>>> print(open('model-v3.csv').read())   # CSV, C-alpha atoms
chain,number,residue,atom,x,y,z
X,12,MET,CA,4.7,-11.3,-3.3
X,13,MET,CA,4.5,-12.4,0.3
X,14,TRP,CA,2.4,-15.3,1.4
X,15,MET,CA,-1.1,-14.0,2.3
X,16,HIS,CA,-3.2,-17.0,3.1
X,17,PRO,CA,-5.1,-16.7,5.4
X,18,ALA,CA,-4.7,-13.0,5.7
X,19,LYS,CA,-4.3,-11.5,9.2
X,20,ASP,CA,-6.0,-8.2,9.2
X,21,PRO,CA,-5.0,-5.5,11.7
X,22,THR,CA,-7.6,-4.8,14.4
X,23,PRO,CA,-8.1,-1.1,15.0
X,24,SER,CA,-7.7,0.2,18.5
X,25,THR,CA,-10.9,1.0,20.4
X,26,SER,CA,-9.3,3.9,22.2
X,27,SER,CA,-8.2,7.2,20.6
X,28,GLY,CA,-6.2,8.2,23.7
X,29,GLN,CA,-8.3,11.3,24.2
X,30,ALA,CA,-11.5,11.9,26.3
X,31,LEU,CA,-14.4,14.2,25.6
X,32,SER,CA,-14.9,16.8,28.3
X,33,ARG,CA,-17.0,19.9,29.1
X,34,LYS,CA,-15.7,23.2,30.2
X,35,PRO,CA,-14.7,23.3,33.9
X,36,GLY,CA,-17.6,24.3,36.0
X,37,ALA,CA,-20.3,23.6,33.4
X,38,THR,CA,-23.5,22.2,34.9
X,39,GLY,CA,-25.3,21.2,31.7
X,40,TRP,CA,-25.2,20.9,27.9
X,41,GLY,CA,-25.7,24.0,25.9
X,42,THR,CA,-27.2,24.2,22.4
X,43,GLN,CA,-23.7,24.0,20.9
X,44,ASP,CA,-23.0,20.9,23.0
X,45,PHE,CA,-26.1,19.2,21.5
X,46,ILE,CA,-25.6,20.2,17.9
X,47,LEU,CA,-22.0,19.0,17.7
X,48,PRO,CA,-22.7,15.3,18.5
X,49,VAL,CA,-25.7,15.3,16.1
X,50,LEU,CA,-23.5,16.7,13.3
X,51,ILE,CA,-20.8,14.1,14.0
X,52,LEU,CA,-23.4,11.3,14.1
X,53,CYS,CA,-24.9,12.5,10.8
X,54,ALA,CA,-21.5,12.6,9.2
X,55,LEU,CA,-20.7,9.1,10.4
X,56,MET,CA,-23.9,7.7,9.1
X,57,THR,CA,-23.3,9.4,5.7
X,58,SER,CA,-19.7,8.2,5.5
X,59,CYS,CA,-20.3,4.6,6.7
X,60,GLY,CA,-23.4,3.9,4.6
X,61,PRO,CA,-22.8,1.7,1.5
X,62,PRO,CA,-22.5,3.7,-1.8
X,63,HIS,CA,-25.2,3.3,-4.4
X,64,PRO,CA,-23.6,4.3,-7.7
X,65,ASN,CA,-25.1,3.4,-11.0
X,66,HIS,CA,-22.1,1.3,-11.9
X,67,PRO,CA,-20.1,-1.6,-10.3
X,68,VAL,CA,-17.4,-1.1,-7.7
X,69,ILE,CA,-14.4,-3.5,-7.8
X,70,GLY,CA,-12.2,-4.0,-4.8
X,71,ALA,CA,-8.8,-5.6,-4.2
X,72,LYS,CA,-6.5,-6.3,-1.3
X,73,ASN,CA,-3.3,-4.4,-0.7
X,74,PHE,CA,-0.6,-6.4,-2.6
X,75,THR,CA,0.4,-6.4,-6.2
X,76,GLU,CA,-1.3,-9.5,-7.4
X,77,GLN,CA,-4.6,-8.4,-6.0
X,78,VAL,CA,-4.3,-5.0,-7.7
X,79,VAL,CA,-3.6,-6.7,-11.0
X,80,LEU,CA,-6.6,-8.9,-10.6
X,81,GLY,CA,-8.9,-6.0,-9.5
X,82,GLU,CA,-7.8,-4.2,-12.7
X,83,LEU,CA,-8.4,-7.3,-14.7
X,84,LEU,CA,-12.1,-7.5,-13.5
X,85,SER,CA,-12.5,-3.8,-14.0
X,86,GLN,CA,-11.3,-3.8,-17.6
X,87,GLN,CA,-13.4,-6.8,-18.5
X,88,ILE,CA,-16.5,-5.1,-17.2
X,89,GLU,CA,-15.6,-1.8,-18.9
X,90,ALA,CA,-15.2,-3.7,-22.2
X,91,LYS,CA,-19.0,-4.3,-22.0
X,92,GLY,CA,-19.7,-0.6,-22.0
X,93,MET,CA,-20.0,0.0,-18.2
X,94,LYS,CA,-18.3,2.5,-16.0
X,95,VAL,CA,-16.4,1.0,-13.1
X,96,ASP,CA,-15.2,2.4,-9.8
X,97,ARG,CA,-11.9,0.9,-8.4
X,98,ARG,CA,-11.4,0.6,-4.7
X,99,PHE,CA,-8.1,-1.2,-4.3
X,100,TYR,CA,-5.6,-1.6,-1.4
X,101,LEU,CA,-8.4,-2.6,1.0
X,102,ALA,CA,-6.0,-4.4,3.4
X,103,GLY,CA,-6.6,-8.1,3.8
X,104,SER,CA,-9.4,-10.7,3.3
X,105,TYR,CA,-11.4,-9.6,6.3
X,106,ILE,CA,-11.7,-6.0,5.2
X,107,CYS,CA,-12.5,-7.0,1.6
X,108,ASN,CA,-15.2,-9.5,2.8
X,109,GLN,CA,-16.8,-6.8,5.0
X,110,ALA,CA,-16.8,-4.3,2.2
X,111,LEU,CA,-18.4,-6.9,-0.1
X,112,ILE,CA,-21.1,-7.9,2.4
X,113,SER,CA,-22.0,-4.3,3.2
X,114,GLY,CA,-22.2,-3.3,-0.4
X,115,ARG,CA,-19.3,-0.9,-0.4
X,116,ILE,CA,-17.8,-3.0,-3.2
X,117,ASP,CA,-19.5,-5.3,-5.6
X,118,ALA,CA,-16.8,-7.8,-6.5
X,119,TYR,CA,-13.2,-8.8,-5.8
X,120,VAL,CA,-11.0,-11.9,-6.3
X,121,GLU,CA,-10.4,-14.2,-3.4
X,122,TYR,CA,-8.5,-17.5,-3.0
X,123,THR,CA,-10.6,-20.6,-2.2
X,124,GLY,CA,-8.3,-21.8,0.7
X,125,THR,CA,-8.4,-18.4,2.3
X,126,ALA,CA,-12.1,-18.2,1.9
X,127,LEU,CA,-12.6,-21.6,3.4
X,128,THR,CA,-10.5,-21.2,6.5
X,129,ALA,CA,-10.0,-17.5,7.2
X,130,ILE,CA,-13.5,-16.2,6.3
X,131,LEU,CA,-15.9,-19.2,6.5
X,132,LYS,CA,-13.9,-20.8,9.4
X,133,GLN,CA,-14.1,-24.3,7.9
X,134,PRO,CA,-11.5,-27.1,8.4
X,135,VAL,CA,-8.7,-27.5,5.8
X,136,ASN,CA,-9.6,-29.7,2.9
X,137,ARG,CA,-7.1,-30.6,0.2
X,138,ASP,CA,-9.7,-31.5,-2.5
X,139,PRO,CA,-9.9,-28.5,-4.9
X,140,GLU,CA,-13.4,-29.4,-6.1
X,141,ALA,CA,-14.8,-30.1,-2.6
X,142,VAL,CA,-13.3,-26.8,-1.4
X,143,LEU,CA,-14.9,-24.9,-4.3
X,144,ARG,CA,-18.3,-26.5,-3.6
X,145,THR,CA,-18.2,-25.7,0.1
X,146,VAL,CA,-17.1,-22.1,-0.5
X,147,ARG,CA,-19.8,-21.6,-3.1
X,148,ASN,CA,-22.6,-23.0,-1.0
X,149,LEU,CA,-21.6,-21.1,2.2
X,150,TYR,CA,-21.1,-17.7,0.5
X,151,GLN,CA,-24.5,-18.0,-1.1
X,152,GLN,CA,-26.2,-19.2,2.1
X,153,ARG,CA,-24.6,-16.7,4.5
X,154,TYR,CA,-24.0,-13.6,2.4
X,155,HIS,CA,-25.9,-13.9,-1.0
X,156,ILE,CA,-22.6,-13.7,-2.8
X,157,ALA,CA,-21.8,-15.7,-6.0
X,158,VAL,CA,-18.5,-17.5,-6.3
X,159,LEU,CA,-17.9,-17.5,-10.1
X,160,ASP,CA,-15.7,-19.9,-12.0
X,161,PRO,CA,-11.9,-20.0,-11.2
X,162,LEU,CA,-9.6,-17.8,-13.2
X,163,GLY,CA,-7.3,-20.7,-13.9
X,164,PHE,CA,-4.4,-20.4,-11.4
X,165,GLU,CA,-3.7,-21.0,-7.7
X,166,ASN,CA,-1.5,-18.9,-5.4
X,167,THR,CA,-0.1,-21.5,-3.0
X,168,PHE,CA,3.2,-22.6,-1.5
X,169,ALA,CA,5.6,-23.7,-4.1
X,170,MET,CA,8.8,-25.7,-3.9
X,171,ILE,CA,11.2,-24.2,-6.5
X,172,ILE,CA,14.5,-25.2,-8.0
X,173,ARG,CA,16.8,-23.7,-10.7
X,174,GLY,CA,15.5,-24.2,-14.2
X,175,ASP,CA,18.8,-25.6,-15.5
X,176,ASP,CA,18.9,-28.1,-12.7
X,177,ALA,CA,15.3,-29.2,-13.5
X,178,ALA,CA,16.2,-29.7,-17.2
X,179,ARG,CA,19.5,-31.5,-16.5
X,180,LEU,CA,18.0,-33.9,-14.0
X,181,HIS,CA,14.6,-34.2,-15.8
X,182,ILE,CA,12.7,-33.2,-12.6
X,183,ASN,CA,9.1,-31.9,-12.8
X,184,THR,CA,7.5,-33.1,-9.6
X,185,LEU,CA,8.3,-33.1,-5.9
X,186,SER,CA,8.3,-36.9,-5.9
X,187,GLU,CA,11.0,-36.9,-8.6
X,188,SER,CA,13.1,-34.5,-6.5
X,189,ALA,CA,13.3,-36.8,-3.5
X,190,GLN,CA,16.3,-38.8,-4.8
X,191,TYR,CA,18.3,-35.6,-5.2
X,192,THR,CA,17.4,-33.6,-2.1
X,193,PRO,CA,20.0,-35.4,0.2
X,194,GLN,CA,22.6,-33.5,-2.0
X,195,TRP,CA,20.7,-30.1,-1.7
X,196,VAL,CA,20.5,-27.2,0.7
X,197,LEU,CA,17.0,-25.9,1.3
X,198,GLY,CA,16.0,-22.3,1.9
X,199,VAL,CA,12.7,-21.4,3.6
X,200,GLY,CA,10.9,-18.5,5.2
X,201,TYR,CA,10.5,-18.4,9.0
X,202,GLU,CA,6.8,-19.3,8.9
X,203,PHE,CA,7.1,-22.2,6.5
X,204,GLU,CA,9.6,-24.1,8.7
X,205,GLN,CA,7.1,-24.3,11.6
X,206,ARG,CA,3.5,-24.2,10.3
X,207,PRO,CA,1.6,-27.5,10.1
X,208,ASP,CA,1.0,-27.3,6.4
X,209,GLY,CA,4.7,-26.4,5.8
X,210,LEU,CA,8.0,-28.2,5.9
X,211,PRO,CA,7.4,-30.9,8.6
X,212,GLY,CA,4.4,-32.3,6.8
X,213,LEU,CA,5.9,-31.8,3.4
X,214,SER,CA,9.1,-33.7,4.3
X,215,LYS,CA,7.0,-36.6,5.6
X,216,ALA,CA,4.6,-36.7,2.6
X,217,TYR,CA,7.4,-36.8,0.1
X,218,ASP,CA,10.2,-38.4,2.2
X,219,LEU,CA,12.4,-35.4,1.6
X,220,HIS,CA,15.8,-35.3,3.3
X,221,PHE,CA,18.3,-32.5,2.8
X,222,LYS,CA,22.1,-32.1,3.1
X,223,ASP,CA,22.0,-29.6,6.0
X,224,GLN,CA,19.5,-28.0,8.2
X,225,PRO,CA,17.3,-25.5,6.2
X,226,ARG,CA,18.6,-22.0,5.8
X,227,THR,CA,15.9,-19.8,7.2
X,228,MET,CA,15.7,-16.2,5.9
X,229,ASP,CA,13.3,-13.4,4.9
X,230,LEU,CA,11.1,-14.3,2.0
X,231,GLY,CA,12.6,-11.6,-0.2
X,232,LEU,CA,16.1,-13.1,0.1
X,233,LEU,CA,15.1,-16.6,-1.0
X,234,TYR,CA,15.3,-15.8,-4.7
X,235,ARG,CA,18.7,-14.1,-4.4
X,236,ALA,CA,20.0,-17.1,-2.5
X,237,ILE,CA,18.9,-19.7,-5.1
X,238,ASN,CA,20.1,-17.5,-7.9
X,239,ALA,CA,23.5,-17.2,-6.2
X,240,HIS,CA,23.7,-21.0,-5.7
X,241,GLN,CA,23.7,-20.6,-1.9
X,242,VAL,CA,20.7,-22.9,-1.7
X,243,ASP,CA,19.3,-25.5,-4.2
X,244,MET,CA,15.6,-25.5,-3.4
X,245,ILE,CA,13.3,-22.8,-1.8
X,246,ALA,CA,9.8,-22.6,-0.5
X,247,GLY,CA,8.2,-19.7,-2.3
X,248,ASN,CA,4.8,-18.8,-3.6
X,249,SER,CA,3.5,-20.2,-6.8
X,250,THR,CA,2.9,-16.8,-8.5
X,251,ASP,CA,6.0,-14.9,-7.3
X,252,GLY,CA,7.4,-12.7,-10.1
X,253,PRO,CA,11.1,-13.8,-9.7
X,254,ILE,CA,10.2,-17.3,-10.7
X,255,ALA,CA,9.8,-16.1,-14.3
X,256,SER,CA,12.6,-13.5,-14.3
X,257,PHE,CA,15.2,-16.0,-12.8
X,258,HIS,CA,14.0,-18.9,-15.0
X,259,LEU,CA,13.2,-21.1,-12.1
X,260,LYS,CA,11.1,-24.3,-12.0
X,261,VAL,CA,8.1,-24.8,-9.7
X,262,LEU,CA,7.9,-28.5,-8.9
X,263,ALA,CA,4.5,-30.0,-9.2
X,264,ASP,CA,2.8,-31.0,-5.9
X,265,ASP,CA,1.9,-34.4,-7.4
X,266,LYS,CA,0.6,-35.8,-4.1
X,267,HIS,CA,-1.6,-32.7,-3.5
X,268,TYR,CA,0.0,-31.9,-0.1
X,269,PHE,CA,-0.7,-28.2,-0.2
X,270,PRO,CA,-4.3,-27.0,0.3
X,271,PRO,CA,-6.0,-25.5,-2.9
X,272,TYR,CA,-5.9,-21.7,-3.3
X,273,GLN,CA,-7.7,-21.2,-6.6
X,274,ALA,CA,-8.4,-17.6,-7.6
X,275,VAL,CA,-12.1,-17.0,-7.9
X,276,PRO,CA,-14.2,-13.8,-8.4
X,277,LEU,CA,-16.7,-13.1,-5.6
X,278,VAL,CA,-19.7,-11.0,-6.7
X,279,ARG,CA,-22.8,-9.8,-4.8
X,280,ASP,CA,-26.0,-11.2,-6.1
X,281,ASP,CA,-27.5,-7.7,-6.0
X,282,ALA,CA,-24.8,-6.6,-8.4
X,283,LEU,CA,-25.4,-9.5,-10.8
X,284,ARG,CA,-29.1,-8.7,-10.9
X,285,ARG,CA,-28.5,-5.0,-11.4
X,286,TRP,CA,-25.9,-5.4,-14.1
X,287,PRO,CA,-26.3,-8.8,-15.8
X,288,ALA,CA,-23.4,-8.0,-18.2
X,289,MET,CA,-21.1,-8.3,-15.2
X,290,ARG,CA,-21.5,-12.0,-15.1
X,291,VAL,CA,-20.9,-12.3,-18.8
X,292,ALA,CA,-17.8,-10.2,-18.6
X,293,ILE,CA,-16.2,-11.9,-15.6
X,294,ASN,CA,-17.1,-15.4,-16.9
X,295,GLU,CA,-15.0,-14.7,-20.0
X,296,LEU,CA,-12.0,-14.9,-17.7
X,297,GLN,CA,-12.7,-18.5,-16.7
X,298,GLY,CA,-9.5,-20.6,-17.0
X,299,LYS,CA,-7.7,-17.7,-18.9
X,300,VAL,CA,-5.1,-16.8,-16.3
X,301,THR,CA,-2.3,-19.4,-15.8
X,302,ALA,CA,0.3,-19.3,-13.0
X,303,ASP,CA,2.9,-18.3,-15.6
X,304,ASP,CA,0.6,-15.4,-16.7
X,305,MET,CA,0.2,-14.3,-13.1
X,306,ARG,CA,4.0,-14.5,-12.4
X,307,GLY,CA,4.7,-12.5,-15.5
X,308,MET,CA,2.2,-9.7,-14.6
X,309,ASN,CA,3.4,-9.6,-11.0
X,310,GLU,CA,7.0,-9.3,-12.2
X,311,ALA,CA,6.1,-6.6,-14.7
X,312,VAL,CA,4.6,-4.5,-11.9
X,313,ASP,CA,7.0,-5.3,-9.1
X,314,GLY,CA,10.3,-5.9,-11.0
X,315,GLU,CA,9.8,-3.6,-14.0
X,316,HIS,CA,7.8,-1.0,-12.1
X,317,ARG,CA,5.1,-0.8,-14.8
X,318,ASP,CA,1.6,0.5,-14.5
X,319,PRO,CA,-0.8,-2.4,-13.6
X,320,ALA,CA,-3.5,-1.0,-15.9
X,321,GLU,CA,-1.0,-1.2,-18.9
X,322,VAL,CA,0.1,-4.7,-17.9
X,323,VAL,CA,-3.5,-5.9,-17.8
X,324,ARG,CA,-4.3,-4.3,-21.1
X,325,GLU,CA,-1.5,-6.1,-22.7
X,326,PHE,CA,-2.5,-9.4,-21.1
X,327,ARG,CA,-6.1,-9.0,-22.3
X,328,GLN,CA,-5.0,-8.3,-25.9
X,329,LYS,CA,-2.7,-11.4,-25.8
X,330,LYS,CA,-5.6,-13.5,-24.7
X,331,GLY,CA,-8.1,-12.0,-27.2
X,332,LEU,CA,-10.3,-10.6,-24.5
>>> encode(input="model-v3.csv", output="structure tokens")
Amino acid sequence: MMWMHPAKDPTPSTSSGQALSRKPGATGWGTQDFILPVLILCALMTSCGPPHPNHPVIGAKNFTEQVVLGELLSQQIEAKGMKVDRRFYLAGSYICNQALISGRIDAYVEYTGTALTAILKQPVNRDPEAVLRTVRNLYQQRYHIAVLDPLGFENTFAMIIRGDDAARLHINTLSESAQYTPQWVLGVGYEFEQRPDGLPGLSKAYDLHFKDQPRTMDLGLLYRAINAHQVDMIAGNSTDGPIASFHLKVLADDKHYFPPYQAVPLVRDDALRRWPAMRVAINELQGKVTADDMRGMNEAVDGEHRDPAEVVREFRQKKGL
């Protein structure tokens, strides 16, 4: 999965490239000229108004992990005897947030760092508990949206090495890797090499020095490169599926350099009042999804091309949900 925090949502064009016009020589509006705009306006009002079904609507952004998490919320709620509508592939964070505020969806899973910076426009904070408190308070004050307890994992930047190297050298943390990095080649994506919370700050925080200049490549090629021993460490994302399938090791960010991106369910207060069992169902997921769990499900969908609903059903059975 590609890095998505904070999401940059496309802005639709304000021009269709066509202009409305009357027939040449017309001096006024006829009856048909009046009826058509009214019909269009009515249709727009009908289509844009928030739905009011008698069951919850769950949303998700448009990448694999989000679809898996949307399916997880949906199946949890359905297990309480409720019907659920699924509205997945809703582009990025901005679109999902607008759908939630307007009542077009009732819940979706967001990441605390994305919520803090991209949606709430607050400064970066590297304290997970402080970020969660701020996000909870502001969502409630501004939008009457509840931020429920974290699911148990983060999707953040991750520095990754081969699993056999980690075992042989007894490396578990970034601090422990510093003595070996002068012998290693680093692979990074284009964005990570430049962004403020990327490589420059990371190298300074951990005193990391590498054998050569970083090899910069598309994110999708990083895992091939480390598997082929073309590089020795890569900057990936903590829940990428290939981490599990290639038996790689995510080094712990023991100095907490990267901002927190805990996965948290966002739910409209109105929905929780209307369907109290929603809160019970979703709260059962608190702390149940580890980063390893998420990697495995992402890989099952992306790498093995399995149905997300089937993957989630297996996960819930394994967890006794």
>>> residues_around(input="model-v3.csv", residues="X:Val278", least_positions_apart="2", cutoff="7 Å", atoms="all atoms listed in the file", output="list in words")
Asp117, Ala118, Tyr119, Ile156, Ala157, Val158, Pro276, Asp280 and Ala282 of chain X
>>> closest_residue(input="model-v3.csv", among="X:Asp281, X:Glu295, X:Asp176, X:Glu315", to="X:Leu262", atoms="all atoms listed in the file")
X:Asp176
>>> residues_around(input="model-v3.csv", residues="X:Tyr191", least_positions_apart="3", cutoff="10 Å", atoms="only C-alpha atoms", output="count of residues only")
10
>>> closest_residue(input="model-v3.csv", among="X:Arg144, X:Val323, X:Ile254, X:Gln133", to="X:Leu84", atoms="all atoms listed in the file")
X:Val323
>>> atom_distance(input="model-v3.csv", atom1="atom CA of X:Tyr268", atom2="atom CA of X:Asn136")
10.3 Å
>>> closest_residue(input="model-v3.csv", among="X:Asn294, X:Ala288, X:Gly92, X:Gly209", to="X:Thr167", atoms="only C-alpha atoms")
X:Gly209
>>> residues_around(input="model-v3.csv", residues="X:Ala274", least_positions_apart="4", cutoff="10 Å", atoms="only C-alpha atoms", output="MDAnalysis selection string")
chainID X and resid 80 120:125 159:166 298 300
>>> closest_residue(input="model-v3.csv", among="X:Arg153, X:Lys260, X:Lys94, X:His316", to="X:Asn65", atoms="all atoms listed in the file")
X:Lys94
>>> atom_distance(input="model-v3.csv", atom1="atom CA of X:Asp318", atom2="atom CA of X:Arg98")
16.3 Å
>>> closest_residue(input="model-v3.csv", among="X:Ile237, X:Ala129, X:Leu232, X:Ala311", to="X:Gly252", atoms="all atoms listed in the file")
X:Ala311
>>> residues_around(input="model-v3.csv", residues="X:Gly81", least_positions_apart="4", cutoff="7 Å", atoms="only C-alpha atoms", output="list of chain:residue names")
X:Ile69, X:Gly70, X:Ala71, X:Gln77, X:Ser85, X:Tyr119
>>> residues_around(input="model-v3.csv", residues="X:Val68", least_positions_apart="5", cutoff="6 Å", atoms="all atoms listed in the file", output="list of chain:residue names")
X:Val95, X:Asp96, X:Arg97, X:Ile116, X:Asp117
>>> closest_residue(input="model-v3.csv", among="X:Ile293, X:Ala216, X:Gly114, X:Asp303", to="X:Leu83", atoms="all atoms listed in the file")
X:Ile293
>>> atom_distance(input="model-v3.csv", atom1="atom CA of X:Asn73", atom2="atom CA of X:Arg226")
28.8 Å
>>> decode(input="model-v3.csv", residues="stretch 75-104 of chain X", atoms="N, CA and C atoms", output="short mmCIF file (atom, residue, chain, number, x, y, z; two decimals), in the first residue's frame")
data_model
loop_
_atom_site.label_atom_id
_atom_site.label_comp_id
_atom_site.auth_asym_id
_atom_site.auth_seq_id
_atom_site.Cartn_x
_atom_site.Cartn_y
_atom_site.Cartn_z
N THR X 75 -6.51 -0.68 -0.38
CA THR X 75 -6.81 -2.01 0.16
C THR X 75 -7.03 -2.02 1.65
N GLU X 76 -6.10 -1.46 2.41
CA GLU X 76 -6.23 -1.50 3.87
C GLU X 76 -7.54 -0.90 4.34
N GLN X 77 -7.95 0.21 3.71
CA GLN X 77 -9.19 0.85 4.10
C GLN X 77 -10.40 -0.01 3.79
N VAL X 78 -10.39 -0.68 2.66
CA VAL X 78 -11.50 -1.57 2.31
C VAL X 78 -11.58 -2.71 3.33
N VAL X 79 -10.43 -3.26 3.72
CA VAL X 79 -10.41 -4.32 4.72
C VAL X 79 -10.98 -3.81 6.05
N LEU X 80 -10.58 -2.60 6.46
CA LEU X 80 -11.07 -2.06 7.73
C LEU X 80 -12.55 -1.72 7.65
N GLY X 81 -13.02 -1.20 6.51
CA GLY X 81 -14.45 -0.96 6.35
C GLY X 81 -15.24 -2.24 6.44
N GLU X 82 -14.72 -3.29 5.84
CA GLU X 82 -15.38 -4.60 5.91
C GLU X 82 -15.37 -5.14 7.34
N LEU X 83 -14.29 -4.87 8.07
CA LEU X 83 -14.21 -5.32 9.46
C LEU X 83 -15.27 -4.64 10.32
N LEU X 84 -15.42 -3.32 10.19
CA LEU X 84 -16.49 -2.63 10.93
C LEU X 84 -17.86 -3.18 10.54
N SER X 85 -18.06 -3.38 9.25
CA SER X 85 -19.36 -3.84 8.75
C SER X 85 -19.71 -5.21 9.32
N GLN X 86 -18.78 -6.13 9.28
CA GLN X 86 -19.07 -7.48 9.78
C GLN X 86 -19.28 -7.48 11.29
N GLN X 87 -18.55 -6.63 12.00
CA GLN X 87 -18.76 -6.53 13.45
C GLN X 87 -20.18 -6.08 13.78
N ILE X 88 -20.65 -5.09 13.04
CA ILE X 88 -22.00 -4.56 13.29
C ILE X 88 -23.04 -5.58 12.87
N GLU X 89 -22.81 -6.23 11.75
CA GLU X 89 -23.77 -7.25 11.28
C GLU X 89 -23.87 -8.41 12.27
N ALA X 90 -22.79 -8.68 13.00
CA ALA X 90 -22.81 -9.76 13.99
C ALA X 90 -23.76 -9.46 15.15
N LYS X 91 -24.13 -8.18 15.29
CA LYS X 91 -25.10 -7.78 16.32
C LYS X 91 -26.53 -7.79 15.79
N GLY X 92 -26.71 -8.31 14.58
CA GLY X 92 -28.05 -8.46 14.03
C GLY X 92 -28.55 -7.30 13.21
N MET X 93 -27.65 -6.35 12.86
CA MET X 93 -28.06 -5.20 12.07
C MET X 93 -27.62 -5.35 10.62
N LYS X 94 -28.42 -4.79 9.73
CA LYS X 94 -28.03 -4.69 8.33
C LYS X 94 -27.06 -3.51 8.18
N VAL X 95 -26.14 -3.61 7.23
CA VAL X 95 -25.15 -2.56 7.00
C VAL X 95 -25.05 -2.26 5.51
N ASP X 96 -25.00 -0.98 5.17
CA ASP X 96 -24.66 -0.56 3.81
C ASP X 96 -23.17 -0.26 3.74
N ARG X 97 -22.51 -0.69 2.68
CA ARG X 97 -21.09 -0.43 2.49
C ARG X 97 -20.91 0.61 1.38
N ARG X 98 -20.16 1.67 1.69
CA ARG X 98 -19.82 2.69 0.69
C ARG X 98 -18.31 2.89 0.71
N PHE X 99 -17.62 2.01 0.00
CA PHE X 99 -16.16 2.00 0.00
C PHE X 99 -15.62 2.76 -1.21
N TYR X 100 -14.30 2.89 -1.27
CA TYR X 100 -13.59 3.57 -2.37
C TYR X 100 -14.02 5.04 -2.48
N LEU X 101 -14.07 5.73 -1.33
CA LEU X 101 -14.49 7.13 -1.30
C LEU X 101 -13.32 8.10 -1.43
N ALA X 102 -12.35 7.78 -2.26
CA ALA X 102 -11.17 8.62 -2.44
C ALA X 102 -10.46 8.80 -1.11
N GLY X 103 -9.98 10.00 -0.78
CA GLY X 103 -9.13 10.19 0.38
C GLY X 103 -9.85 10.67 1.62
N SER X 104 -9.04 11.19 2.55
CA SER X 104 -9.55 11.59 3.86
C SER X 104 -10.57 12.71 3.76
#
